[in-house]
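S.K.: Handing you a structure now.
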Amino acid sequence: MIKKYLMFIVCLCMPFTLAAQTDTYRLTDFFGGESTVRLQGKSASIDIPIPLSSVTDVDSALLTLEVVSSQALIKKRSQLYVRFNNATIGQIAFDPDRPSLVSEIAIPTSLWRAGFNSLTLAVSQHYAEQCVDGSAPELWSEINAYNSTLKIATSVNEKRFTLDELSGFFNPGIGGQRNVQLYTAREADDQIKYQTLPIVAQALSLRNQYQPLIIEHDSFDDGYVLPQLEDTENSFWNDQNVARYERAAWYLKAKQKQPVHILVGTVDALSPVLSDEVINDIDGAFLKAQRTPAFVKDSNVIVPASYRLIVSGTTQDEVLEAAKALAVMDDAINPISQVTVLSQSQMQAETLQRHRILNPDNHYTFQDFGVATTQFRDEGNFTKRVSFRLPADFYVPENASVSLLLDFGYGAGFGPGSVMNVSVNDELVHGLSLNNINGQSYRDYQLRIPARFFKGGTNNLDFAVTMRAPLAGVPCDDIPGSHLVFQLDDSSAIKLPDAGNVAVQPNLVLLSETAYPFARFKSAPSSTIAIPSDDYLDTALTLSAKLAQVAQVPLLNVKIATGNDITTEGSVIVLGTPESLTNIEQSEFSTAIEATKRWSYRLQNNLYNRVRNLTDDQSFKEMRIDGHTVQESDLGEQAVLTAQANPVSSQTDTLFIVAAQTPELLQARVEDLVSLSMWGQMAGDFFAWKDGLSPSLIMQVSDKYEVGEADDSWLHLRLWLSNNPWYWLIGFILVVFVVSLLIYLLLKRRNKQVQDSW
C-alpha cells in the first residue's frame, strides 16, 4: 500500500519537470544588421538584444565570437570587452601577430532575466601609446556575427500554469513556442474548424509578436483504448491507474516538442478528454489553463506531461466568443487558471483594425504613441527611432505635407562636426548643425515634410545625432566629451494631413507590411482563405496567424472555407495544387496556375524591361509583362504566389493564389514564406520561392487598380490619373487642341468683324 502511494506521489511530481533543451543561435538571429560588424575608431560598441521567455530558465550559455582585428593595433591597450546586462563577462586582447581569433565566453546564468538581455561588444583600440588619431583608418576590428554563436541550454520553470503565463510560453524570445497543435473532436462542426480555429491561431501568434507560429490541427477520438504495455499484470489496470490515464493527455499523437497544446470545442465535444470537474465548470464562453500529469509505469513515460489551454463553451457561438476573448485579453491581469466570458463590446473587426494606427488630419505627440524623452551623453554617434503606423490605404495629394514640431535641445561645448540629421523611412529630409558654443533649446521646431515620404503601415522617423568635443588647439591633446548632452523631448509632435483610404493593387509589399487588403482602416469586409479540403487546413491556419501578426490585431473578418468557390465578396486567398486550381476561372489572368500553366516570361517584356536587362539591373524592381507562354509542366519544389483583381467580386477586391505541387509541399513552402527571412522580401504580384532564404523570381505581371474610398472625388481622380499617366498626356493634348481651336474660332470671328467694319 505504501509503495502504491509513493508511486502516485512520484507521478504527480514528474510531469512538471520538463527536459532541458539545448539550442544554438547565430548572433545574426538577434538583430537586423550586417553579418559582419565593423567597429571603427578609438572606441566603439554594438548592443545586441537577446530576448528570453519569462517561463524559461537558462541552465548554461556559451558565447563563441569570431573576431578579426587590424594588425596596426598594439598589444595590451587594444581589447574587446564583452558585457552582458552591464556586467563585464570577458576581455579579449588584440594581438597583431594573431589578427584572427575565436574566443569562447560563458555567460553566468545569474545574469539572465526575462525580456530583453543586452549583449554589448565594445572595443578600445590604439596604434600608439599616445597621440592617437581617433579617426585613423587603421583603428578597426570586425566581428563575424553570422559565424559567432550562442549555445544555450534552457528548461521550463513553470510548475503552475495560469492564464497570465500564456504570453510566457508564446513569446518571441528564447524558450518561446514556434509551433502549436490545436485539437478538436474528430467530427468537429464547420464553425469550429473554419471560423473559431483561425481566431485561436491568431490569438497565439499575436503573443509571439514577430516570430512566426506554425499551426497544426489534429483531432481526438470519442473514447480511448488502454495501451498495450509489456510485462503488465492484469491487475495493473485497476480503477486508480485508469483514472490516472484519463487525467493524462492520452490523445496526443506524439511526444510534444512544445509544452502547450490547445483544446477547442463545445463542452459536449470535449467531454471525452476533460474531467468531470472541468465539464461542470463550463457554463458559457470558457477559457482554462491546465497542466496534465504524465502517465508513468516503472519509470517509463507512457503519456508525456503537458500544458493545455481549453477554449470551450456550451454552444458553438460561445466557443467563438471565448476565442475572441483570448485574442484581445491582457494575460498579465489574469493570474488565474480559468475565466468565463459574460459579455464583450466593441468586438467588431473594423474597430479592432484601427488599433494603434494614427488617424489622418490629427495631431499627436511622441508620448501619445509610447515614445519617451531621450537623452544622449558623451562623444559619439547616437540614433533614436520613432515608429508609428498609418492606415495601410493612406493616400494624400502630391502637394500634401506632414508637419513635425520638435522639442529638443543641446548643451554647451559642442565642437565642429556636431550635427542632427532627420530621416523619414531612410530618406534624409533635414539636417541641423549644432554649432552654438553655449548650447541651444528649440520648441516647436517645425519641419514640413512632403507626405509622399510616408507610406501606409509602419513609418520610421530616425534622429541621428553626432556629438563632437571642441578642438583643444594643442597637438596630441584631446578634450574629453563627457560634458556633451543632447535631449529629444516626448512633447515633440506630428501633424498629419487629411487623407483618403485608397490603395493601389495588386501589391504584395503592402500585404507583407500591413496585411492589406485583409486589414483595413475604414472598413473590414469579409475575407476568405479558400482550401480544397482539410488537407490544407494547417496551411490556412498558419497563413491566417501570420496575417494577424502583420496587422498586429486579430482579423475577425477572415474565415476559412472549403472548396474553390471564390464567388464570395471580399478578398480571397486560394490555396491549392495545379490540379485543384483548374476549377477556378483564370482565362483573364496574365499568369494562370493550372494543370496547363500560363507563364509571363522575362523575355516577353515591354521596352522598360529590355532596357533593364541591357543595364544588367538585377534588383527586384516591378516589371510589367506583356506576353505569356502556355505550357504543361509541374511546379517542382517551388511554390508560387500571385495576386490579381478578383474577377467575380462585385467590388474591386484582390484574389491571391498560393500553389505548390502537393499539399505537403505547399505546407512546407508556406512555413518558409512566413519566416522572418522570407516574408519581408515579397514584392510585385508574382512571387516564386523554393526555400526560406531568397525568392526564385519576383515580377509585376497584372494591371493595377484602385481599392478603397477616396472620400473626395478630386482626390480619387488624381489617384487614378497618377496610376494611368498616359491619360495625363492624352488629356493635355485634348486641352491644347480645344484651347487652340477656341482661339482659332475667336480670331476668325474677330477677323470677320474687322472686315465687315471696313
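Labeling convention for the C-alpha cells: chains A, B, ... as they appear, residues from 1 per chain, ligands from 1 in order of appearance.
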Using only C-alpha atoms, which protein or nucleic acid residues come within 9 Å of range 417-428 of chain A? Drop anything in the same chain fewer than 6 positions from it, and give the result as a compact mmCIF listing (two decimals) with all heavy atoms, in the first residue's frame.

M.R.:
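Final file, selection14.txt:
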```txt
# COMPACT_ATOMS: atom_id res chain seq x y z
N LEU A 434 24.81 71.66 -34.92
CA LEU A 434 24.74 72.03 -33.50
C LEU A 434 25.99 72.85 -33.19
O LEU A 434 26.95 72.37 -32.56
CB LEU A 434 24.66 70.77 -32.64
CG LEU A 434 23.59 69.73 -33.05
CD1 LEU A 434 23.64 68.52 -32.13
CD2 LEU A 434 22.21 70.36 -33.03
N ASN A 435 25.99 74.09 -33.64
CA ASN A 435 27.21 74.90 -33.63
C ASN A 435 27.19 76.06 -32.66
O ASN A 435 28.09 76.91 -32.68
CB ASN A 435 27.50 75.43 -35.04
CG ASN A 435 26.30 76.19 -35.61
OD1 ASN A 435 25.34 76.48 -34.91
ND2 ASN A 435 26.37 76.50 -36.90
N ILE A 449 7.40 68.18 -44.18
CA ILE A 449 7.92 67.08 -44.99
C ILE A 449 6.85 66.65 -45.98
O ILE A 449 5.69 66.42 -45.60
CB ILE A 449 8.31 65.89 -44.09
CG1 ILE A 449 9.33 66.36 -43.04
CG2 ILE A 449 8.87 64.74 -44.91
CD1 ILE A 449 9.61 65.32 -42.00
N PHE A 453 6.78 61.01 -48.60
CA PHE A 453 7.82 60.26 -47.90
C PHE A 453 7.22 59.24 -46.93
O PHE A 453 7.93 58.35 -46.47
CB PHE A 453 8.73 61.22 -47.12
CG PHE A 453 9.71 61.96 -47.98
CD1 PHE A 453 9.47 63.27 -48.36
CD2 PHE A 453 10.86 61.34 -48.44
CE1 PHE A 453 10.37 63.95 -49.15
CE2 PHE A 453 11.77 62.02 -49.23
CZ PHE A 453 11.53 63.33 -49.60
N PHE A 454 5.95 59.39 -46.62
CA PHE A 454 5.29 58.49 -45.68
C PHE A 454 4.47 57.47 -46.47
O PHE A 454 4.08 57.71 -47.61
CB PHE A 454 4.39 59.27 -44.71
CG PHE A 454 5.15 60.22 -43.84
CD1 PHE A 454 5.49 61.48 -44.29
CD2 PHE A 454 5.54 59.85 -42.56
CE1 PHE A 454 6.20 62.36 -43.49
CE2 PHE A 454 6.25 60.71 -41.76
CZ PHE A 454 6.58 61.98 -42.21
N LYS A 455 4.19 56.35 -45.84
CA LYS A 455 3.52 55.25 -46.53
C LYS A 455 2.52 54.61 -45.59
O LYS A 455 2.54 54.82 -44.37
CB LYS A 455 4.55 54.20 -46.98
CG LYS A 455 5.30 53.58 -45.81
CD LYS A 455 6.32 52.54 -46.24
CE LYS A 455 7.01 51.92 -45.03
NZ LYS A 455 8.00 50.89 -45.40
N ASN A 459 5.90 53.52 -40.26
CA ASN A 459 6.81 54.56 -40.70
C ASN A 459 7.84 54.82 -39.62
O ASN A 459 7.53 54.74 -38.42
CB ASN A 459 6.05 55.85 -41.02
CG ASN A 459 5.16 55.73 -42.23
OD1 ASN A 459 5.54 56.09 -43.34
ND2 ASN A 459 3.96 55.21 -42.04
N ASN A 460 9.06 55.14 -40.03
CA ASN A 460 10.15 55.36 -39.08
C ASN A 460 10.73 56.75 -39.24
O ASN A 460 11.13 57.15 -40.35
CB ASN A 460 11.26 54.33 -39.30
CG ASN A 460 10.81 52.91 -39.03
OD1 ASN A 460 10.15 52.64 -38.03
ND2 ASN A 460 11.15 52.00 -39.92
N LEU A 461 10.76 57.49 -38.14
CA LEU A 461 11.48 58.76 -38.05
C LEU A 461 12.79 58.47 -37.33
O LEU A 461 12.79 58.00 -36.19
CB LEU A 461 10.69 59.79 -37.25
CG LEU A 461 9.48 60.45 -37.91
CD1 LEU A 461 8.72 61.29 -36.90
CD2 LEU A 461 9.92 61.31 -39.08
N ASP A 462 13.90 58.74 -37.98
CA ASP A 462 15.21 58.48 -37.37
C ASP A 462 15.92 59.80 -37.10
O ASP A 462 16.10 60.63 -38.01
CB ASP A 462 16.06 57.62 -38.30
CG ASP A 462 15.55 56.19 -38.40
OD1 ASP A 462 15.39 55.56 -37.34
OD2 ASP A 462 15.29 55.73 -39.52
N PHE A 463 16.34 59.98 -35.86
CA PHE A 463 17.12 61.15 -35.46
C PHE A 463 18.55 60.68 -35.20
O PHE A 463 18.80 59.93 -34.25
CB PHE A 463 16.52 61.78 -34.20
CG PHE A 463 15.13 62.30 -34.38
CD1 PHE A 463 14.03 61.48 -34.18
CD2 PHE A 463 14.90 63.61 -34.78
CE1 PHE A 463 12.74 61.94 -34.35
CE2 PHE A 463 13.61 64.08 -34.96
CZ PHE A 463 12.52 63.25 -34.75
N ALA A 464 19.46 61.08 -36.08
CA ALA A 464 20.87 60.70 -35.96
C ALA A 464 21.64 61.91 -35.45
O ALA A 464 21.72 62.94 -36.13
CB ALA A 464 21.42 60.23 -37.30
N VAL A 465 22.22 61.79 -34.26
CA VAL A 465 22.92 62.89 -33.61
C VAL A 465 24.39 62.53 -33.48
O VAL A 465 24.73 61.47 -32.92
CB VAL A 465 22.31 63.20 -32.23
CG1 VAL A 465 23.06 64.35 -31.57
CG2 VAL A 465 20.83 63.54 -32.36
N THR A 466 25.24 63.38 -34.01
CA THR A 466 26.69 63.23 -33.85
C THR A 466 27.18 64.32 -32.91
O THR A 466 26.97 65.51 -33.17
CB THR A 466 27.41 63.34 -35.20
OG1 THR A 466 26.95 62.30 -36.06
CG2 THR A 466 28.91 63.21 -35.03
N MET A 467 27.83 63.92 -31.82
CA MET A 467 28.30 64.88 -30.82
C MET A 467 29.82 64.81 -30.77
O MET A 467 30.40 63.74 -30.54
CB MET A 467 27.67 64.57 -29.46
CG MET A 467 26.14 64.53 -29.52
SD MET A 467 25.29 64.74 -27.95
CE MET A 467 25.96 63.46 -26.96
N ARG A 468 30.44 65.96 -31.00
CA ARG A 468 31.89 66.06 -31.01
C ARG A 468 32.35 67.10 -29.99
O ARG A 468 31.73 68.16 -29.85
CB ARG A 468 32.41 66.45 -32.40
CG ARG A 468 32.13 65.40 -33.47
CD ARG A 468 33.09 64.22 -33.32
NE ARG A 468 32.87 63.22 -34.36
CZ ARG A 468 32.16 62.11 -34.19
NH1 ARG A 468 31.60 61.87 -33.02
NH2 ARG A 468 32.01 61.24 -35.15
N ALA A 469 33.45 66.80 -29.32
CA ALA A 469 34.03 67.75 -28.36
C ALA A 469 34.74 68.87 -29.11
O ALA A 469 35.19 68.68 -30.26
CB ALA A 469 34.99 67.03 -27.43
```

S.K.: Find the residues around Ser43 in chain A up to 12 Å (only C-alpha atoms counted), leave out those fewer than 4 positions away in its own chain, and share them as a ChimeraX atom specification.

M.R.: /A:38-39,77-81,121-126,132-136,139-141,379-381

S.K.: Which residues are near Ala545 in chain A? Cut-off 6 Å, only C-alpha atoms, ignore same chain within fewer than 5 positions. Put them as an MDAnalysis selection string.

M.R.: chainID A and resid 201:202 205

S.K.: Selection from above, all heavy atoms, as a PDB file, in the first residue's frame, can you write it?

M.R.:
```pdb
ATOM      1  N   ALA A 201      -5.717  30.594 -33.561  1.00  0.00           N
ATOM      2  CA  ALA A 201      -4.371  30.645 -34.132  1.00  0.00           C
ATOM      3  C   ALA A 201      -3.836  32.075 -34.125  1.00  0.00           C
ATOM      4  O   ALA A 201      -2.662  32.311 -33.793  1.00  0.00           O
ATOM      5  CB  ALA A 201      -4.395  30.089 -35.558  1.00  0.00           C
ATOM      6  N   GLN A 202      -4.679  33.043 -34.467  1.00  0.00           N
ATOM      7  CA  GLN A 202      -4.264  34.440 -34.465  1.00  0.00           C
ATOM      8  C   GLN A 202      -3.953  34.917 -33.049  1.00  0.00           C
ATOM      9  O   GLN A 202      -2.984  35.653 -32.821  1.00  0.00           O
ATOM     10  CB  GLN A 202      -5.351  35.308 -35.086  1.00  0.00           C
ATOM     11  CG  GLN A 202      -5.582  35.062 -36.560  1.00  0.00           C
ATOM     12  CD  GLN A 202      -6.794  35.809 -37.087  1.00  0.00           C
ATOM     13  OE1 GLN A 202      -7.193  36.830 -36.541  1.00  0.00           O
ATOM     14  NE2 GLN A 202      -7.389  35.286 -38.145  1.00  0.00           N
ATOM     15  N   SER A 205      -0.518  33.627 -32.138  1.00  0.00           N
ATOM     16  CA  SER A 205       0.558  34.243 -32.928  1.00  0.00           C
ATOM     17  C   SER A 205       0.783  35.690 -32.516  1.00  0.00           C
ATOM     18  O   SER A 205       1.911  36.189 -32.588  1.00  0.00           O
ATOM     19  CB  SER A 205       0.227  34.166 -34.423  1.00  0.00           C
ATOM     20  OG  SER A 205      -0.870  35.001 -34.749  1.00  0.00           O
TER      21      SER A 205
END
```

S.K.: Write out as an mmCIF file with C-alpha atoms, in the first residue's frame each polymer residue whose atoms come within 9 Å of Ile494 in chain A, counting only C-alpha atoms; drop sequence neighbours fewer than 2 positions from it.

M.R.:
```
data_model
loop_
_atom_site.group_PDB
_atom_site.id
_atom_site.type_symbol
_atom_site.label_atom_id
_atom_site.label_comp_id
_atom_site.auth_asym_id
_atom_site.auth_seq_id
_atom_site.Cartn_x
_atom_site.Cartn_y
_atom_site.Cartn_z
ATOM 1 C CA ASN A 362 -4.927 64.778 -36.365
ATOM 2 C CA HIS A 363 -2.145 65.991 -34.081
ATOM 3 C CA TYR A 364 -0.128 63.518 -31.970
ATOM 4 C CA THR A 365 2.780 63.948 -29.577
ATOM 5 C CA PHE A 366 5.530 61.357 -29.357
ATOM 6 C CA VAL A 402 3.299 66.323 -42.761
ATOM 7 C CA SER A 403 4.414 68.756 -40.058
ATOM 8 C CA LEU A 404 6.938 67.792 -37.391
ATOM 9 C CA LEU A 405 7.012 70.061 -34.342
ATOM 10 C CA LEU A 406 10.187 69.099 -32.493
ATOM 11 C CA SER A 492 7.542 66.704 -29.882
ATOM 12 C CA LEU A 496 -0.964 64.647 -40.247
#
```

S.K.: Hey, can you check how far CA of Ile282 in chain A sits from CA of Leu309 in chain A?

M.R.: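 For CA of Ile282 in chain A relative to CA of Leu309 in chain A, the distance reads 13.5 Å.
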
S.K.: Would you please work out which residue, of A:Met329, A:Val301, A:Leu342, A:Ala203, is nearest to Tyr245 in chain A when using only C-alpha atoms?

M.R.: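 Of all the options, A:Val301 lies closest to Tyr245 in chain A.
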
S.K.: Just give me the gap between CA of Asn436 in chain A and CA of Val371 in chain A in Å, one decimal is fine.

M.R.: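 Interatomic distance here is 27.2 Å.
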
S.K.: Residues at most 7 Å from Glu706 in chain A, counting only C-alpha atoms, excluding those fewer than 4 positions away in the same chain, as an mmCIF file with N, CA, C and O atoms, in the first residue's frame?

M.R.:
```cif
data_model
loop_
_atom_site.group_PDB
_atom_site.id
_atom_site.type_symbol
_atom_site.label_atom_id
_atom_site.label_comp_id
_atom_site.auth_asym_id
_atom_site.auth_seq_id
_atom_site.Cartn_x
_atom_site.Cartn_y
_atom_site.Cartn_z
ATOM 1 N N VAL A 502 -7.349 54.875 -49.955
ATOM 2 C CA VAL A 502 -7.231 54.270 -51.275
ATOM 3 C C VAL A 502 -5.869 53.594 -51.374
ATOM 4 O O VAL A 502 -4.863 54.147 -50.925
ATOM 5 N N ALA A 503 -5.844 52.402 -51.935
ATOM 6 C CA ALA A 503 -4.588 51.687 -52.151
ATOM 7 C C ALA A 503 -4.550 51.149 -53.565
ATOM 8 O O ALA A 503 -5.591 50.808 -54.148
ATOM 9 N N VAL A 504 -3.356 51.080 -54.113
ATOM 10 C CA VAL A 504 -3.152 50.524 -55.447
ATOM 11 C C VAL A 504 -2.865 49.034 -55.302
ATOM 12 O O VAL A 504 -2.015 48.617 -54.515
ATOM 13 N N GLN A 505 -3.592 48.229 -56.028
ATOM 14 C CA GLN A 505 -3.451 46.778 -56.003
ATOM 15 C C GLN A 505 -3.194 46.277 -57.423
ATOM 16 O O GLN A 505 -3.494 46.966 -58.392
#
```

S.K.: Using only C-alpha atoms, determine which residues lie at most 7 Å from Gln638 in chain A, disregarding the query and same-chain residues fewer than 6 positions distant; provide the list as a list in words.

M.R.: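 Everything that qualifies: Ala660, Ala688, Trp689 and Lys690 of chain A.
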
S.K.: From a DSSP pass on the backbone, collect the residues of range 197-274 of chain A flagged as strand (DSSP E or B) and hand them back as a PDB file with N, CA and C atoms, in the first residue's frame.

M.R.:
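part05.pdb, freshly written:
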```pdb
ATOM      1  N   ILE A 214       3.854  28.235 -36.343  1.00  0.00           N
ATOM      2  CA  ILE A 214       3.348  27.204 -37.241  1.00  0.00           C
ATOM      3  C   ILE A 214       2.193  26.480 -36.541  1.00  0.00           C
ATOM      4  N   ILE A 215       1.049  26.430 -37.194  1.00  0.00           N
ATOM      5  CA  ILE A 215      -0.163  25.856 -36.607  1.00  0.00           C
ATOM      6  C   ILE A 215      -0.397  24.462 -37.187  1.00  0.00           C
ATOM      7  N   GLU A 216      -0.688  23.517 -36.303  1.00  0.00           N
ATOM      8  CA  GLU A 216      -1.039  22.160 -36.731  1.00  0.00           C
ATOM      9  C   GLU A 216      -2.377  21.792 -36.090  1.00  0.00           C
ATOM     10  N   HIS A 217      -3.271  21.263 -36.900  1.00  0.00           N
ATOM     11  CA  HIS A 217      -4.581  20.848 -36.393  1.00  0.00           C
ATOM     12  C   HIS A 217      -4.634  19.327 -36.324  1.00  0.00           C
ATOM     13  N   ASP A 218      -5.180  18.825 -35.224  1.00  0.00           N
ATOM     14  CA  ASP A 218      -5.350  17.384 -35.067  1.00  0.00           C
ATOM     15  C   ASP A 218      -6.670  17.133 -34.341  1.00  0.00           C
ATOM     16  N   SER A 219      -7.072  15.885 -34.258  1.00  0.00           N
ATOM     17  CA  SER A 219      -8.349  15.541 -33.632  1.00  0.00           C
ATOM     18  C   SER A 219      -8.167  14.350 -32.705  1.00  0.00           C
ATOM     19  N   PHE A 220      -9.131  14.155 -31.836  1.00  0.00           N
ATOM     20  CA  PHE A 220      -9.107  13.011 -30.928  1.00  0.00           C
ATOM     21  C   PHE A 220     -10.387  12.197 -31.112  1.00  0.00           C
ATOM     22  N   VAL A 260       2.809  23.390 -24.694  1.00  0.00           N
ATOM     23  CA  VAL A 260       1.401  23.783 -24.627  1.00  0.00           C
ATOM     24  C   VAL A 260       0.668  23.342 -25.890  1.00  0.00           C
ATOM     25  N   HIS A 261      -0.496  22.724 -25.719  1.00  0.00           N
ATOM     26  CA  HIS A 261      -1.385  22.461 -26.839  1.00  0.00           C
ATOM     27  C   HIS A 261      -2.770  23.005 -26.482  1.00  0.00           C
ATOM     28  N   ILE A 262      -3.651  23.089 -27.470  1.00  0.00           N
ATOM     29  CA  ILE A 262      -4.936  23.770 -27.300  1.00  0.00           C
ATOM     30  C   ILE A 262      -6.069  22.810 -27.613  1.00  0.00           C
ATOM     31  N   LEU A 263      -7.085  22.794 -26.751  1.00  0.00           N
ATOM     32  CA  LEU A 263      -8.328  22.075 -26.997  1.00  0.00           C
ATOM     33  C   LEU A 263      -9.410  23.086 -27.340  1.00  0.00           C
ATOM     34  N   VAL A 264     -10.098  22.879 -28.463  1.00  0.00           N
ATOM     35  CA  VAL A 264     -11.120  23.814 -28.924  1.00  0.00           C
ATOM     36  C   VAL A 264     -12.382  23.026 -29.246  1.00  0.00           C
TER      37      VAL A 264
END
```

S.K.: Applying 7 Å and only C-alpha atoms, which residues near Pro497 in chain A remain after dropping the ones on its own chain fewer than 3 positions away? List them as a ChimeraX atom specification.

M.R.: /A:360-361,400-402

S.K.: Work out how far CA of Ala472 in chain A is from CA of Gly439 in chain A, in Å to one decimal.

M.R.: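 Spanning CA of Gly439 in chain A to CA of Ala472 in chain A is a straight-line distance of 18.3 Å.
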
S.K.: Could you pull out the residues in range 54-219 of chain A that DSSP calls helix (DSSP H, G or I) from the backbone, as a PyMOL selection string?

M.R.: chain A and resi 109-111+163-169+190-207

S.K.: Restricting the output to C-alpha atoms, write the selected residues as a compact mmCIF listing (two decimals), in the first residue's frame.

M.R.:
```txt
# COMPACT_ATOMS: atom_id res chain seq x y z
CA THR A 109 23.14 32.05 -15.57
CA SER A 110 22.55 34.55 -12.76
CA LEU A 111 22.77 37.46 -15.24
CA LEU A 163 -3.59 32.43 -17.94
CA ASP A 164 -1.11 35.18 -17.07
CA GLU A 165 1.73 32.80 -18.04
CA LEU A 166 0.35 32.20 -21.53
CA SER A 167 2.40 35.04 -23.01
CA GLY A 168 5.49 33.48 -21.46
CA PHE A 169 5.02 30.25 -23.39
CA ASP A 190 -17.63 23.72 -39.59
CA GLN A 191 -17.94 26.86 -37.45
CA ILE A 192 -15.37 25.48 -35.01
CA LYS A 193 -12.89 24.45 -37.72
CA TYR A 194 -13.26 27.30 -40.18
CA GLN A 195 -14.16 30.31 -38.04
CA THR A 196 -13.06 29.67 -34.46
CA LEU A 197 -9.74 27.90 -35.09
CA PRO A 198 -8.36 30.83 -37.19
CA ILE A 199 -9.08 33.24 -34.31
CA VAL A 200 -7.39 30.91 -31.80
CA ALA A 201 -4.37 30.65 -34.13
CA GLN A 202 -4.26 34.44 -34.47
CA ALA A 203 -4.55 34.92 -30.70
CA LEU A 204 -1.49 32.75 -30.07
CA SER A 205 0.56 34.24 -32.93
CA LEU A 206 -0.09 37.76 -31.62
CA ARG A 207 1.61 36.72 -28.38
```
